[in-house]
$ cat entry_26.txt   # compact mmCIF, C-alpha atoms and all ligand atoms
# COMPACT_ATOMS: atom_id res chain seq x y z
CA MET A 1 42.04 118.80 -9.65
CA MET A 2 39.48 117.42 -12.06
CA ALA A 3 40.54 117.60 -15.72
CA THR A 4 37.78 118.70 -18.08
CA ALA A 5 36.86 116.82 -21.27
CA THR A 6 38.27 113.61 -19.87
CA LEU A 7 36.86 110.10 -19.97
CA TYR A 8 37.67 108.19 -16.77
CA ILE A 9 37.45 104.38 -16.91
CA ILE A 10 36.79 103.50 -13.30
CA SER A 11 36.98 100.02 -11.77
CA THR A 12 34.46 99.24 -9.04
CA PRO A 13 34.32 96.26 -6.62
CA ILE A 14 33.44 92.70 -7.77
CA GLY A 15 31.63 91.99 -4.51
CA ASN A 16 33.31 93.48 -1.46
CA LEU A 17 32.64 97.22 -1.33
CA GLU A 18 35.92 97.79 0.53
CA ASP A 19 37.68 97.03 -2.75
CA ILE A 20 36.94 100.44 -4.28
CA THR A 21 39.92 102.78 -4.35
CA TYR A 22 40.16 106.22 -2.70
CA ARG A 23 40.89 107.63 -6.14
CA ALA A 24 37.79 106.02 -7.67
CA VAL A 25 35.57 107.50 -4.94
CA ARG A 26 37.13 110.94 -5.34
CA ILE A 27 36.82 111.03 -9.13
CA LEU A 28 33.26 109.66 -9.12
CA GLY A 29 32.38 112.50 -6.77
CA GLU A 30 34.00 115.12 -9.02
CA VAL A 31 32.96 114.23 -12.60
CA ASP A 32 30.08 115.97 -14.42
CA LEU A 33 28.46 112.73 -15.55
CA ILE A 34 28.64 109.03 -14.68
CA ALA A 35 27.88 106.50 -17.44
CA ALA A 36 26.86 103.16 -15.94
CA GLU A 37 25.94 99.79 -17.40
CA ASP A 38 22.88 99.55 -15.12
CA THR A 39 22.03 102.84 -13.45
CA ARG A 40 19.83 101.26 -10.77
CA HIS A 41 22.55 98.81 -9.82
CA SER A 42 25.24 101.52 -9.73
CA LEU A 43 23.02 103.87 -7.74
CA LYS A 44 23.34 101.50 -4.77
CA LEU A 45 27.14 101.69 -4.98
CA LEU A 46 27.13 105.47 -5.39
CA ASN A 47 24.67 105.95 -2.50
CA HIS A 48 26.89 103.78 -0.31
CA PHE A 49 29.76 106.21 -0.88
CA GLY A 50 27.56 109.32 -0.63
CA ILE A 51 28.08 110.19 -4.32
CA SER A 52 25.29 112.05 -6.06
CA LYS A 53 25.98 112.85 -9.73
CA PRO A 54 23.99 112.83 -12.98
CA LEU A 55 23.82 109.24 -14.24
CA THR A 56 23.26 107.92 -17.73
CA SER A 57 23.06 104.35 -18.98
CA TYR A 58 25.64 102.82 -21.29
CA PHE A 59 25.15 99.13 -22.01
CA ASP A 60 25.55 96.63 -24.85
CA HIS A 61 22.35 97.51 -26.74
CA ASN A 62 22.46 101.29 -26.57
CA GLN A 63 26.19 101.74 -27.06
CA GLN A 64 25.93 103.52 -30.39
CA LEU A 65 23.29 106.06 -29.40
CA LYS A 66 24.58 106.63 -25.88
CA GLY A 67 28.20 106.60 -27.01
CA GLU A 68 27.47 109.58 -29.27
CA ARG A 69 25.78 111.46 -26.40
CA ILE A 70 28.66 110.76 -24.07
CA LEU A 71 31.14 111.91 -26.72
CA ASN A 72 29.09 115.09 -27.13
CA ALA A 73 29.34 115.78 -23.40
CA LEU A 74 33.11 115.25 -23.63
CA ARG A 75 33.34 117.53 -26.69
CA GLN A 76 31.58 120.21 -24.65
CA GLY A 77 34.35 119.97 -22.07
CA LYS A 78 32.53 117.80 -19.53
CA SER A 79 34.27 115.07 -17.54
CA VAL A 80 32.68 111.64 -17.70
CA ALA A 81 33.28 108.49 -15.62
CA LEU A 82 32.45 105.10 -17.11
CA ILE A 83 31.66 102.29 -14.68
CA SER A 84 30.22 98.81 -15.17
CA ASP A 85 28.13 96.62 -12.85
CA ALA A 86 31.27 95.18 -11.31
CA GLY A 87 35.01 95.24 -11.81
CA THR A 88 36.85 96.88 -14.67
CA PRO A 89 34.83 98.41 -17.53
CA CYS A 90 35.75 97.12 -21.02
CA VAL A 91 36.78 93.69 -19.62
CA SER A 92 33.88 91.50 -20.81
CA ASP A 93 31.83 94.65 -20.23
CA PRO A 94 30.85 97.63 -22.41
CA GLY A 95 33.35 100.43 -22.93
CA TYR A 96 35.82 99.50 -25.63
CA GLN A 97 33.97 101.30 -28.44
CA LEU A 98 33.59 104.46 -26.38
CA VAL A 99 37.29 104.43 -25.52
CA ARG A 100 38.21 103.80 -29.17
CA ASP A 101 36.04 106.74 -30.31
CA ALA A 102 37.39 109.05 -27.60
CA VAL A 103 40.98 108.15 -28.53
CA ALA A 104 40.19 108.84 -32.19
CA GLU A 105 39.11 112.37 -31.23
CA ASN A 106 42.12 112.96 -29.00
CA ILE A 107 39.92 113.11 -25.91
CA PRO A 108 42.04 112.10 -22.91
CA VAL A 109 41.14 108.67 -21.49
CA VAL A 110 42.29 108.05 -17.93
CA PRO A 111 42.12 104.55 -16.40
CA VAL A 112 41.41 104.32 -12.68
CA PRO A 113 42.41 100.72 -11.88
CA GLY A 114 40.90 98.39 -9.34
CA ALA A 115 39.19 95.03 -9.06
CA CYS A 116 39.00 92.65 -12.01
CA ALA A 117 37.72 89.10 -11.48
CA ALA A 118 40.20 87.53 -13.94
CA ILE A 119 43.27 88.99 -12.20
CA THR A 120 41.84 88.43 -8.72
CA ALA A 121 41.29 84.73 -9.52
CA LEU A 122 44.68 84.33 -11.20
CA THR A 123 46.67 85.74 -8.29
CA ALA A 124 45.27 83.18 -5.82
CA SER A 125 45.12 80.26 -8.26
CA GLY A 126 48.63 78.93 -7.74
CA LEU A 127 48.95 78.56 -11.53
CA PRO A 128 51.74 80.24 -13.53
CA THR A 129 51.20 83.98 -13.76
CA ASP A 130 54.16 84.98 -15.94
CA ASN A 131 52.20 84.13 -19.06
CA PHE A 132 48.42 83.86 -19.19
CA THR A 133 45.61 84.38 -21.65
CA PHE A 134 42.31 85.91 -20.66
CA ALA A 135 39.85 84.54 -23.23
CA GLY A 136 36.59 85.99 -21.86
CA PHE A 137 33.32 84.03 -22.04
CA PRO A 138 33.30 80.84 -24.15
CA PRO A 139 30.42 80.71 -26.65
CA SER A 140 27.22 79.29 -25.16
CA ARG A 141 26.57 76.78 -28.00
CA GLN A 142 28.52 73.55 -27.60
CA GLY A 143 29.84 73.35 -31.19
CA LYS A 144 31.19 76.88 -31.14
CA ARG A 145 32.49 76.41 -27.61
CA ARG A 146 34.53 73.37 -28.67
CA THR A 147 35.96 75.26 -31.65
CA PHE A 148 36.84 78.15 -29.32
CA LEU A 149 38.56 75.75 -26.88
CA SER A 150 40.53 74.09 -29.72
CA ALA A 151 41.76 77.53 -30.76
CA ILE A 152 43.21 78.25 -27.30
CA ASN A 153 44.41 74.71 -26.58
CA ALA A 154 48.02 75.21 -27.67
CA LEU A 155 48.52 78.64 -26.12
CA PRO A 156 51.34 78.75 -23.60
CA GLY A 157 50.59 79.75 -20.02
CA THR A 158 47.48 79.72 -17.88
CA LEU A 159 44.06 80.13 -19.51
CA VAL A 160 41.49 82.32 -17.74
CA LEU A 161 37.79 82.19 -18.69
CA TYR A 162 34.60 83.77 -17.43
CA GLU A 163 31.52 81.58 -17.32
CA ALA A 164 27.91 81.73 -16.20
CA PRO A 165 27.21 79.35 -13.30
CA HIS A 166 24.51 77.41 -15.19
CA ARG A 167 26.95 76.60 -17.99
CA LEU A 168 29.90 75.71 -15.75
CA ILE A 169 29.54 71.91 -15.86
CA ASP A 170 28.98 71.79 -19.63
CA THR A 171 32.02 73.98 -20.21
CA LEU A 172 34.20 71.92 -17.86
CA ASN A 173 33.12 68.75 -19.70
CA ASP A 174 34.08 70.35 -23.01
CA ILE A 175 37.43 71.45 -21.53
CA ARG A 176 38.14 67.81 -20.62
CA GLU A 177 37.03 66.67 -24.07
CA VAL A 178 39.08 69.22 -26.06
CA LEU A 179 42.02 70.14 -23.81
CA GLY A 180 42.32 66.85 -21.90
CA GLU A 181 42.52 66.12 -18.19
CA ARG A 182 44.27 69.32 -17.10
CA GLN A 183 44.38 70.90 -13.66
CA VAL A 184 41.65 73.50 -13.32
CA ILE A 185 40.48 75.91 -10.68
CA VAL A 186 36.98 77.27 -10.35
CA ALA A 187 37.17 80.56 -8.42
CA ARG A 188 33.68 81.28 -7.13
CA GLU A 189 32.16 84.36 -5.49
CA LEU A 190 35.49 86.19 -5.24
CA THR A 191 35.74 88.77 -2.44
CA LYS A 192 32.27 87.77 -1.17
CA MET A 193 31.13 85.81 1.88
CA TYR A 194 31.14 82.42 0.12
CA GLU A 195 34.40 82.87 -1.78
CA GLU A 196 35.71 79.44 -2.77
CA PHE A 197 38.50 77.91 -4.87
CA ILE A 198 37.71 74.44 -6.21
CA ARG A 199 40.94 72.83 -7.41
CA GLY A 200 41.77 69.53 -9.10
CA SER A 201 41.76 67.70 -12.40
CA VAL A 202 38.81 68.59 -14.64
CA SER A 203 37.06 65.34 -13.61
CA GLU A 204 37.60 66.03 -9.90
CA VAL A 205 36.27 69.57 -10.20
CA VAL A 206 33.25 68.37 -12.23
CA ALA A 207 32.55 65.77 -9.51
CA THR A 208 32.72 68.48 -6.81
CA VAL A 209 30.56 71.05 -8.56
CA SER A 210 28.02 68.39 -9.62
CA GLN A 211 27.17 67.74 -5.97
CA GLY A 212 24.88 70.75 -5.79
CA ILE A 213 23.58 73.65 -7.79
CA VAL A 214 26.38 76.02 -8.78
CA ARG A 215 25.48 79.48 -7.55
CA GLY A 216 27.18 82.83 -7.86
CA GLU A 217 29.85 84.05 -10.21
CA VAL A 218 32.73 81.94 -11.43
CA VAL A 219 36.09 82.24 -13.13
CA ILE A 220 37.66 79.12 -14.67
CA LEU A 221 41.45 78.84 -14.71
CA ILE A 222 43.18 76.11 -16.70
CA ALA A 223 46.78 75.00 -16.13
CA PRO A 224 49.10 75.03 -19.14
CA GLY A 225 48.82 71.73 -21.02
CA GLU A 226 51.40 69.59 -22.77
CA ALA A 227 50.64 71.09 -26.15
CA ALA A 228 51.21 74.48 -24.58
CA ALA A 229 54.43 73.29 -22.95
CA ASP A 230 55.74 72.18 -26.33
CA GLU A 231 54.92 75.56 -27.74
CA ALA A 232 56.44 77.32 -24.77
CA GLU A 233 59.71 75.43 -24.81
CA PRO A 234 60.90 73.97 -28.10
CA LEU A 235 63.27 71.00 -28.21
CA GLU A 236 66.33 73.16 -28.80
CA SER A 237 65.79 75.25 -25.68
CA VAL A 238 65.03 72.16 -23.55
CA LEU A 239 68.31 70.64 -24.76
CA GLN A 240 70.28 73.81 -24.11
CA ARG A 241 68.89 73.99 -20.59
CA LEU A 242 69.79 70.36 -19.87
CA MET A 243 73.21 70.66 -21.51
CA ALA A 244 74.11 73.40 -19.06
CA ASP A 245 74.24 70.61 -16.46
CA SER A 246 77.69 69.09 -17.08
CA THR A 247 76.89 65.98 -14.99
CA LEU A 248 74.42 64.68 -17.61
CA SER A 249 75.53 62.52 -20.53
CA ILE A 250 74.21 63.27 -24.03
CA LYS A 251 72.20 60.05 -23.80
CA ASP A 252 70.56 61.16 -20.52
CA ILE A 253 69.92 64.64 -21.91
CA ALA A 254 68.22 63.20 -25.00
CA LYS A 255 66.13 60.86 -22.83
CA GLN A 256 64.84 63.69 -20.62
CA ALA A 257 64.35 66.14 -23.48
CA ALA A 258 62.31 63.55 -25.40
CA VAL A 259 59.88 63.26 -22.46
CA ILE A 260 59.63 67.04 -21.91
CA SER A 261 59.19 67.89 -25.60
CA GLY A 262 57.17 64.85 -26.64
CA VAL A 263 59.58 63.89 -29.45
CA SER A 264 61.33 60.53 -30.05
CA ARG A 265 64.59 59.78 -28.24
CA SER A 266 66.42 59.43 -31.54
CA GLU A 267 65.26 62.88 -32.67
CA ALA A 268 66.30 64.40 -29.34
CA TYR A 269 69.66 62.58 -29.51
CA ALA A 270 70.39 63.77 -33.06
CA GLU A 271 69.53 67.36 -32.15
CA ALA A 272 71.61 67.18 -28.94
CA LEU A 273 74.62 65.97 -30.98
CA ARG A 274 74.13 68.76 -33.51
CA LEU A 275 74.04 71.40 -30.75
CA LYS A 276 77.10 69.89 -29.06
CA ASN A 277 79.09 69.89 -32.30
CA ASN A 278 78.08 73.47 -33.04
CA SER A 279 79.07 74.75 -29.63
N1 LIG B 1 34.32 93.61 -15.88
C1 LIG B 1 34.29 92.53 -14.94
C2 LIG B 1 35.69 92.31 -14.37
O1 LIG B 1 36.50 93.22 -14.39
O2 LIG B 1 35.99 91.22 -13.88
C3 LIG B 1 33.70 91.28 -15.55
C4 LIG B 1 32.29 91.43 -16.01
S1 LIG B 1 31.61 90.02 -16.77
C5 LIG B 1 30.11 90.62 -17.41
C6 LIG B 1 31.01 89.09 -15.40
C7 LIG B 1 31.82 87.79 -15.18
O3 LIG B 1 32.99 88.08 -14.43
C8 LIG B 1 31.06 86.77 -14.36
O4 LIG B 1 30.22 85.95 -15.16
C9 LIG B 1 32.20 85.95 -13.78
O5 LIG B 1 32.71 85.04 -14.73
C10 LIG B 1 33.25 87.05 -13.51
N2 LIG B 1 33.08 87.60 -12.15
C11 LIG B 1 32.70 88.85 -11.82
N3 LIG B 1 32.68 88.99 -10.48
C12 LIG B 1 33.08 87.82 -9.96
C13 LIG B 1 33.28 87.33 -8.63
N4 LIG B 1 33.05 88.10 -7.56
N5 LIG B 1 33.70 86.05 -8.47
C14 LIG B 1 33.94 85.27 -9.53
N6 LIG B 1 33.77 85.66 -10.80
C15 LIG B 1 33.35 86.92 -11.02

$ encode --input "entry_26.txt" --output "structure tokens" --more "lines below"
Ligand code: SAM
Amino acid sequence: MMATATLYIISTPIGNLEDITYRAVRILGEVDLIAAEDTRHSLKLLNHFGISKPLTSYFDHNQQLKGERILNALRQGKSVALISDAGTPCVSDPGYQLVRDAVAENIPVVPVPGACAAITALTASGLPTDNFTFAGFPPSRQGKRRTFLSAINALPGTLVLYEAPHRLIDTLNDIREVLGERQVIVARELTKMYEEFIRGSVSEVVATVSQGIVRGEVVILIAPGEAAADEAEPLESVLQRLMADSTLSIKDIAKQAAVISGVSRSEAYAEALRLKNNS
């Protein structure tokens, strides 16, 4: 049964219409009002599923005004669904401020999960998924973009970025410049007819995408780098892991740990001896 005075945050497909959930279709058909980023765009989706409900726009530049109207509808006991052009609202899309304001007024906010390009790309990337950072869109200006990339360089885990196709090559070149020659994946046109995963070192991927005009939507995934590996596993934990193998001598342990952690052999050896003596 439909709860009144509830804000539903509903994910819609990122390309393939089959990726909407049964629950999303049901709730969209039951709410009093649907707030959409682009009403004309969303009308096509709603028509496809035979949903006919009052629609209002809610996008970046009318958030304040429309947010207040949507809150008013909620205060009057109406149920409202928020959708964006594609994927999960609030993820590089409008919605966060509305959710924040609804929460502040104790209006129930119910997420209805579904497609999200970042997670879709990550799951098929083959890169580590236990720890990842979604950093959204890099700034469009090169100076700011490089500063942004430096700030995420040392983060452990996989990095996931959104990018516009016409900026893809510039951003990949900056990734090589700032983060080094890491493995990257460009996930293009996910769930659509021309879905494609371009994998390789940054230079290899730049060479591939430079062969033609990049079309469609893209997610960039970046493998954890050495700086990140150091952060993720400090010398002490590398040593402890290696010391668990009783077949290795302290000298061998120090040698391997120095390579993994990027420290000198003498530093690794001294630390290994300290740990051994303490154990
Ligand atoms: N809220 C959306 C989500 O949940 O993924 C993201 C909206 S954001 C404005 C749009 C960006 O998401 C695109 O520029 C692209 O980076 C990524 N994106 C969306 N759909 C995609 C798809 N089918 N394939 C690849 N990337 C996609």

$ residues_near_ligand --input "entry_26.txt" --ligand "ligand LIG 1 (chain B)" --cutoff "6 Å" --atoms "only C-alpha atoms and all ligand atoms" --output "JSON, numbers by chain"
{"A": [14, 15, 86, 87, 88, 89, 91, 92, 93, 116, 117, 118, 162, 163, 164, 187, 188, 189, 190, 191, 217, 218, 219]}

$ residues_around --input "entry_26.txt" --residues "Phe134 in chain A" --least-positions-apart "4" --cutoff "10 Å" --atoms "only C-alpha atoms" --output "number ranges by chain"
A: 91, 118-119, 122, 158-162, 221

$ closest_residue --input "entry_26.txt" --among "A:Asp252, A:Glu204, A:Glu30, A:Glu271" --to "Ser237 in chain A" --atoms "all atoms listed in the file"
A:Glu271

$ closest_residue --input "entry_26.txt" --among "A:Ala73, A:Val186, A:Leu235, A:Leu7" --to "Leu98 in chain A" --atoms "all atoms listed in the file"
A:Leu7

$ closest_residue --input "entry_26.txt" --among "A:Lys255, A:Arg167, A:Arg23, A:Lys276" --to "Pro113 in chain A" --atoms "only C-alpha atoms"
A:Arg23

$ atom_distance --input "entry_26.txt" --atom1 "CA of Ala35 in chain A" --atom2 "CA of Pro13 in chain A"
16.2 Å

$ atom_distance --input "entry_26.txt" --atom1 "CA of Thr4 in chain A" --atom2 "CA of Thr39 in chain A"
22.8 Å

$ closest_residue --input "entry_26.txt" --among "A:Ile213, A:Ala257, A:Ala268, A:Val99" --to "Ile9 in chain A" --atoms "all atoms listed in the file"
A:Val99

$ atom_distance --input "entry_26.txt" --atom1 "CA of Thr21 in chain A" --atom2 "CA of Ala115 in chain A"
9.1 Å
